[in-house]
Structure formats: C-alpha cells, structure tokens
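Worksheet: one structure, shown below.
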Amino acid sequence: MESWETVPMTARVESFELGAMSSRAVAVRMAEILRATYPDSENEYGIGSGAGLRSVTGVPEHREAGTPSVFIDADGPGHGQAWSASGDSQASLDIHAGRLLVRVGAIKHRAAIGDVNSFIRMVPKQDRSELERHLMIHSLLACTDEEPRCASCPLISFCETGRKRVASQHGNTTAVDLFGGAGALGLGFRWAGFSIVAAVEMDRHAAQTYRLNHPGVPVLEAPVEKVTAEGLRSWLSTLNAPSAVIAGPPCQGYSAAGSRDSDDRRNLLFRHVGRLARQLGARSVVVENVPGLRRVNGVTYTDKITASLRRCGYRTWKQPVALRASDFGVPQNRQRLFFVGVKRGIDLPEPPRPTHWSFDGRIPESSLPKTPSLAECLEDLPRLEPGEGAERLRHPDGRVVLNSQAMAHSSRVVAKINLIPLGGGPISYRRLERGVARTLVAGHRALPVHPDQDRTITVREAARIQGFPDDYFFCGPRSVQPLQVANAVPPALAEAVGRQLMESLEAA
C-alpha cells in the first residue's frame with residue numbers, strides 16, 4: 001500500500017421523501033451530492049485544476065458578523081483563490097448561493113444573508129463550512145447567473161426551475177426509469193441513445209447514486225406503487241408520452257438467493273409498470289428481472305407479467321428473452337430476463353444478438369471480440385489487504401480509484417478465506433474464478449471473495465465485473481454499496497435491448 005494515498009471522503013444522508021420534503025432533508029441531500037461532485041481531494045478548494053471558474057465581478061453583499069465564509073475567485077483554470085470573511089474586507093457567497101437556493105425553492109423570495117445561513121445550519125455542524133463552499137462552487141460552475149447548466153446538474157431533483165428547463169432540451173426518444181436502483185438500467189438505455197427524463201427509486205442511498213451519476217435526471221424518491229402519472233406530471237409539468245417506460249422491479253422474491261415466497265408482496269410490483277406506462281401514454285415498455293421468476297412455488301410469473309403488459313395495451317414477445325452477461329462483454333454468467341412491449345403501429349424489436357464470445361475455453365465461431373476474463377478485468381486495480389483502501393484511492397500516476405475500500409476481516413475470517421478454492425465456498429464467501437464469474441451476490445453486506453487475494457472484493461471490483469464505468473460512484477455507507485452493485489443489471493445487457501427497441505421506435 002505504500003504507493004497508494006488514502007483520500008478521506010464521508011457521506012451522510014437522512015430520511016427523505018420528495019414531494020413532502022423538509023428543508024433539513026433537502027439540505028442534507030444537497031450536501032452529500034455536492035461533496036461527491038466536488039470532492040475536497042482535488043485540491044484545497046474542492047475544485048479540479050481543469051474545472052475553471054469564471055471570474056466573479058461586483059461587490060458581494062455584507063455578511064453577518066461571526067458567520068463563516070469562503071469566497072472563491074479565479075481568472076482562469078486552476079487559479080482559484082480563497083479567503084475568509086473578516087473585518088471590513090468581508091466577501092460573501094450569499095449573492096451566489098442565495099441565487100441557487102432561490103432556484104431550488106429552499107428560499108422563497110429574494111435571498112438574504114440570514115436565509116442562506118439558516119439553510120446551511122440545517123446540516124450537522126461539522127459539515128457546514130463544506131456545504132457553504134460547495135454551494136459557492138456549484139453556483140459558479142453550474143448554477144450560473146446567466147445560463148445555468150441544468151442538463152448536467154446533479155441537484156435537479158430538488159430544483160423546479162431546473163426540471164422545467166431540462167424538459168425542453170430532450171429529444172424525441174425519452175424514457176422514464178421505474179425502480180431505478182443505482183441507475184444501471186438507465187445507464188444502458190442512455191448508451192443506446194435514450195434520454196432519461198425521470199427516475200423513481202425509494203431507497204435513499206440508491207437514489208443519491210442515481211442523481212450523482214445521471215446529472216440532469218430528476219429522481220423522485222418514493223415507492224413506485226404510490227406514484228401516479230398525475231403526480232409525476234405535477235412534478236415534471238412537461239412529462240407526456242415518453243418513448244419508453246423501463247423498470248427493474250425488486251427481484252428478492254424470485255431470486256434463488258432470496259426467499260422465493262410466492263406471497264411476497266414485492267412479487268406483484270410489476271403491475272405498476274404497465275399501469276404507469278399506460279397512464280403516461282408511453283409508446284413502449286421494458287421490464288427486466290431474474291430468471292427465477294419463471295416459476296416460484298408453482299406460480300409462473302413470466303405469464304403474469306406478460307398478461308399484465310398486454311392488459312395495459314402493449315403487444316409483447318410471446319416469452320421474455322434471456323440474455324447472458326458474458327455474451328455481451330461482461331465477465332459473468334449472470335442471466336437476466338427482458339420483457340418488451342410496444343403500442344400498436346410499432347414493430348416488436350428483434351431479441352439482441354451476442355456482441356462477444358465468452359471466455360470459457362471454446363473456440364470462437366465468429367469474428368466477435370472475446371469477453372475479457374475476470375482476471376483481466378481486475379488486473380489494474382490496487383492490491384489491498386483487508387481493511388485497506390478508501391472511497392477515493394489515489395495512484396502515484398494521478399489516477400483515482402473510486403469505492404475502493406476493502407472490507408475489514410478478522411484474522412479468523414482471513415484464515416477461513418485462505419482455504420477457499422477457486423469457485424468454492426458458501427454463497428456469502430464464494431471465491432470467484434479467474435475466467436467468468438457466477439452471478440454476484442451481496443451476502444451479509446459483503447461481496448464474493450477475490451480470486452487471488454484473501455478478502456472479499458471491493459465495490460469498485462464488483463462494479464468492474466458488472467460493467468460499470470470507472471467514474472461511476474456509489475453513494476451511501478460502505479455497508480449498503482454492495483447491494484447497489486449486486487442488484488444491478490449489467491448495463492451492457494440494457495444497452496443491447498435498448499438499441500433493438502430504438503430501431504423499432506425510429507422505424508415507426
């Protein structure tokens with residue numbers, strides 16, 4: 001570990017429900033998102049050298065005595081300068097942060113010094129100066145006075161002004177993402193050319209992950225079963241007839257690693273996908289889930305989901321299509337079922353064909369590229385002992401590896417892990433093979449065991465195996481991040497389905 005530098009980064013969230021949100025909850029959510037967007041690791045002021053602030057002009061408003069302030073000015077990229085307010089030379093962020101908070105709706109009138117300070121005081125005391133600084137940075141880089149960059153703003157969930165602006169900037173191929181999770185299905189559809197105009201996710205940490213990695217996408221933090229088209233439109237006034245509603249309902253009730261209880265209420269949440277697609281007037285609908293739903297204790301859920309979509313007015317494939325991750329460049333034997341439905345006048349898309357041949361010892365039958373092995377996928381990530389690493393781990397060459405904190409195992413657990421052969425071990429401590437992994441399972445908030453190191457894999461290593469890009473950051477405590485990754489559909493599978501659907505929609 002001598003060659004790696006640990007860069008501190010914290011995260012804090014609290015109970016939150018958009019639409020009935022308290023200002024304190026908004027402040028805490030914004031503080032977390034801004035901390036991850038402008039991490040203090042880049043330099044003293046939390047801005048990377050390539051970011052560049054536009055020069056600040058004008059005389060800042062006077063500030064109440066005794067309140068903290070950091071004001072950042074710059075005359076070019078990497079030339080930031082900060083100084084604290086003191087005496088007659090006070091310089092304030094209020095004129096800028098106030099503008100941002102008015103747009104968000106946290107302040108209902110022309111911003112005053114006390115309003116900004118009151119908002120900042122809603123977060124824990126140790127986070128206030130950081131939130132103040134980040135509000136300032138964001139107001140200068142993104143939420144600018146003349147032309148706010150709403151389409152790339154991670155705060156848009158909280159900002160009515162931004163939601164109205166972004167809605168007019170989308171093209172014709174739009175999608176609403178239900179049960180959005182950490183955003184993997186949405187990411188694949190974005191790669192396929194869709195614009196995600198809204199997402200719904202009830203888990204607070206996953207919702208934050210979605211917001212951070214899909215800036216410009218409003219994320220409604222609410223249970224899908226309580227969401228109506230009317231409610232969505234009251235939140236997004238221009239939402240009308242999206243090209244697709246996409247969804248990955250909870251799989252725990254169907255999964256071989258779950259309870260497989262046919263009475264699990266989560267097993268029927270798929271009904272709300274067709275309901276909302278019909279209410280919104282969506283041209284198509286896509287549902288993704290695990291193969292285990294084919295039959296759960298005598299109940300055939302594939303038939304139920306297909307029938308539900310047809311009752312809502314969509315023509316569907318006769319049976320869902322099973323796609324294997326390793327056939328699409330992802331070093332996993334994970335399979336996922338996809339249900340696709342379209343409105344009358346739109347041709348049903350063809351099922352996606354493999355884009356890669358799997359690393360399993362076979363001789364390739366075509367000119368397709370080979371899926372990289374799991375060992376190849378992980379080879380340039382840091383070697384870590386249990387407990388080592390950080391949420392941001394810096395390499396001597398300047399590269400920062402995100403979510404790279406290894407789980408701290410006791411010496412007794414390490415000794416047990418040492419005895420686990422490749423491909424062996426219980427489901428919660430199965431050692432991965434070097435070729436192609438089985439489906440990733442996050443048991444006991446941990447992930448499978450590394451093929452060559454005596455520890456469970458990090459969240460970043462799991463994300464690599466799932467096919468997430470390296471700049472995809474997972475929010476929340478380390479204990480909840482593994483589930484965000486393990487529950488996700490590999491984005492490459494979503495992309496393959498999205499591309500086929502896109503062809504049908506454009507041809508109609």
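Numbering starts fresh at 1 for the residues of each chain in the structure tokens, the chains themselves are lettered A, B, ... in the order given, and ligands are numbered from 1 as they appear.
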
Got a sec: who's within 10 Å of His450 of chain A, counting only C-alpha atoms, leaving out chain neighbours fewer than 3 positions off, as a PDB file with N, CA and C atoms, in the first residue's frame?
```
ATOM      1  N   ALA A 375     -10.089 -12.036 -14.434  1.00  0.00           N
ATOM      2  CA  ALA A 375      -8.737 -11.644 -14.034  1.00  0.00           C
ATOM      3  C   ALA A 375      -8.254 -10.435 -14.831  1.00  0.00           C
ATOM      4  N   LEU A 378      -9.830  -7.168 -13.607  1.00  0.00           N
ATOM      5  CA  LEU A 378      -9.391  -6.624 -12.322  1.00  0.00           C
ATOM      6  C   LEU A 378      -7.895  -6.319 -12.257  1.00  0.00           C
ATOM      7  N   ILE A 417     -10.971 -17.742   4.698  1.00  0.00           N
ATOM      8  CA  ILE A 417     -10.989 -17.370   3.289  1.00  0.00           C
ATOM      9  C   ILE A 417      -9.797 -17.984   2.557  1.00  0.00           C
ATOM     10  N   LEU A 422     -10.766 -21.739  -5.746  1.00  0.00           N
ATOM     11  CA  LEU A 422     -11.446 -21.017  -6.814  1.00  0.00           C
ATOM     12  C   LEU A 422     -12.790 -21.666  -7.105  1.00  0.00           C
ATOM     13  N   TYR A 429     -19.375 -16.273   0.890  1.00  0.00           N
ATOM     14  CA  TYR A 429     -17.922 -16.147   0.772  1.00  0.00           C
ATOM     15  C   TYR A 429     -17.406 -17.039  -0.355  1.00  0.00           C
ATOM     16  N   ARG A 430     -18.075 -17.029  -1.482  1.00  0.00           N
ATOM     17  CA  ARG A 430     -17.631 -17.835  -2.617  1.00  0.00           C
ATOM     18  C   ARG A 430     -16.462 -17.138  -3.296  1.00  0.00           C
ATOM     19  N   ARG A 431     -15.390 -17.920  -3.556  1.00  0.00           N
ATOM     20  CA  ARG A 431     -14.242 -17.322  -4.234  1.00  0.00           C
ATOM     21  C   ARG A 431     -14.492 -17.312  -5.735  1.00  0.00           C
ATOM     22  N   LEU A 432     -14.308 -16.153  -6.331  1.00  0.00           N
ATOM     23  CA  LEU A 432     -14.526 -16.004  -7.758  1.00  0.00           C
ATOM     24  C   LEU A 432     -13.473 -16.764  -8.555  1.00  0.00           C
ATOM     25  N   GLU A 433     -13.866 -17.267  -9.702  1.00  0.00           N
ATOM     26  CA  GLU A 433     -12.915 -17.891 -10.614  1.00  0.00           C
ATOM     27  C   GLU A 433     -12.278 -16.819 -11.493  1.00  0.00           C
ATOM     28  N   ARG A 434     -11.161 -17.151 -12.118  1.00  0.00           N
ATOM     29  CA  ARG A 434     -10.434 -16.143 -12.895  1.00  0.00           C
ATOM     30  C   ARG A 434     -11.016 -15.935 -14.281  1.00  0.00           C
ATOM     31  N   LEU A 447     -19.374  -8.949  -0.477  1.00  0.00           N
ATOM     32  CA  LEU A 447     -19.350  -9.430  -1.846  1.00  0.00           C
ATOM     33  C   LEU A 447     -18.514 -10.704  -1.909  1.00  0.00           C
ATOM     34  N   GLN A 453      -6.743 -12.790  -3.863  1.00  0.00           N
ATOM     35  CA  GLN A 453      -6.440 -12.145  -2.586  1.00  0.00           C
ATOM     36  C   GLN A 453      -7.411 -12.644  -1.523  1.00  0.00           C
ATOM     37  N   ASP A 454      -6.934 -12.740  -0.284  1.00  0.00           N
ATOM     38  CA  ASP A 454      -7.737 -13.321   0.790  1.00  0.00           C
ATOM     39  C   ASP A 454      -8.624 -12.271   1.453  1.00  0.00           C
ATOM     40  N   ARG A 455      -9.580 -11.810   0.681  1.00  0.00           N
ATOM     41  CA  ARG A 455     -10.568 -10.826   1.151  1.00  0.00           C
ATOM     42  C   ARG A 455     -11.715 -10.820   0.161  1.00  0.00           C
ATOM     43  N   THR A 456     -12.835 -10.257   0.582  1.00  0.00           N
ATOM     44  CA  THR A 456     -13.925 -10.056  -0.371  1.00  0.00           C
ATOM     45  C   THR A 456     -13.575  -8.894  -1.299  1.00  0.00           C
ATOM     46  N   ILE A 457     -14.161  -8.893  -2.477  1.00  0.00           N
ATOM     47  CA  ILE A 457     -13.839  -7.856  -3.447  1.00  0.00           C
ATOM     48  C   ILE A 457     -14.411  -6.507  -2.999  1.00  0.00           C
ATOM     49  N   THR A 458     -13.820  -5.448  -3.483  1.00  0.00           N
ATOM     50  CA  THR A 458     -14.304  -4.102  -3.189  1.00  0.00           C
ATOM     51  C   THR A 458     -15.515  -3.778  -4.069  1.00  0.00           C
ATOM     52  N   GLU A 461     -14.308  -3.266  -7.589  1.00  0.00           N
ATOM     53  CA  GLU A 461     -14.051  -4.518  -8.305  1.00  0.00           C
ATOM     54  C   GLU A 461     -15.362  -5.155  -8.749  1.00  0.00           C
ATOM     55  N   ALA A 462     -16.376  -5.119  -7.893  1.00  0.00           N
ATOM     56  CA  ALA A 462     -17.689  -5.645  -8.276  1.00  0.00           C
ATOM     57  C   ALA A 462     -18.283  -4.841  -9.428  1.00  0.00           C
TER      58      ALA A 462
END
```

Members of segment 217-466 of chain A assigned strand (DSSP E or B) by DSSP, as a PyMOL selection string:
chain A and resi 219-220+244-247+284-289+296+299+315-316+321-324+332+335-342+357+370+389-394+400-405+431+437+449+456

Shell around Leu368 of chain A at 8 Å using only C-alpha atoms, local window under 2 positions removed, as number ranges by chain
A: 355-357, 364, 366, 370

Would you pick out the contacts of Val340 of chain A at 8 Å or less, using only C-alpha atoms, so that residues sharing its chain but fewer than 5 positions from it are not included, and give the list as a PyMOL selection string?
chain A and resi 284-287+316-317+320+348

Selection file, N, CA and C atoms, as a JSON list (two decimals), in the first residue's frame:
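selection-v3.json, written as the output of this step:
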```json
[["chain", "number", "residue", "atom", "x", "y", "z"],
["A", 284, "SER", "N", -43.69, 2.38, -25.50],
["A", 284, "SER", "CA", -43.16, 1.03, -25.27],
["A", 284, "SER", "C", -42.86, 0.85, -23.79],
["A", 285, "VAL", "N", -42.63, -0.39, -23.41],
["A", 285, "VAL", "CA", -42.33, -0.70, -22.01],
["A", 285, "VAL", "C", -41.34, -1.85, -21.97],
["A", 286, "VAL", "N", -40.40, -1.78, -21.03],
["A", 286, "VAL", "CA", -39.39, -2.84, -20.86],
["A", 286, "VAL", "C", -39.31, -3.19, -19.38],
["A", 287, "VAL", "N", -39.39, -4.48, -19.06],
["A", 287, "VAL", "CA", -39.25, -4.97, -17.69],
["A", 287, "VAL", "C", -38.10, -5.95, -17.66],
["A", 316, "THR", "N", -46.53, -7.84, -26.89],
["A", 316, "THR", "CA", -45.29, -8.31, -26.28],
["A", 316, "THR", "C", -44.73, -9.52, -27.02],
["A", 317, "TRP", "N", -43.47, -9.82, -26.72],
["A", 317, "TRP", "CA", -42.92, -11.11, -27.13],
["A", 317, "TRP", "C", -43.75, -12.22, -26.47],
["A", 320, "PRO", "N", -40.46, -13.88, -22.48],
["A", 320, "PRO", "CA", -39.33, -12.97, -22.27],
["A", 320, "PRO", "C", -38.05, -13.57, -22.84],
["A", 348, "LEU", "N", -42.48, -5.07, -32.98],
["A", 348, "LEU", "CA", -41.71, -5.62, -31.85],
["A", 348, "LEU", "C", -40.25, -5.77, -32.27]]
```

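Using only C-alpha atoms for every distance, the candidate list A:Ala307, A:Leu100, A:Ala142, A:Ala508 yields A:Ala508 as the residue closest to Asp347 of chain A.
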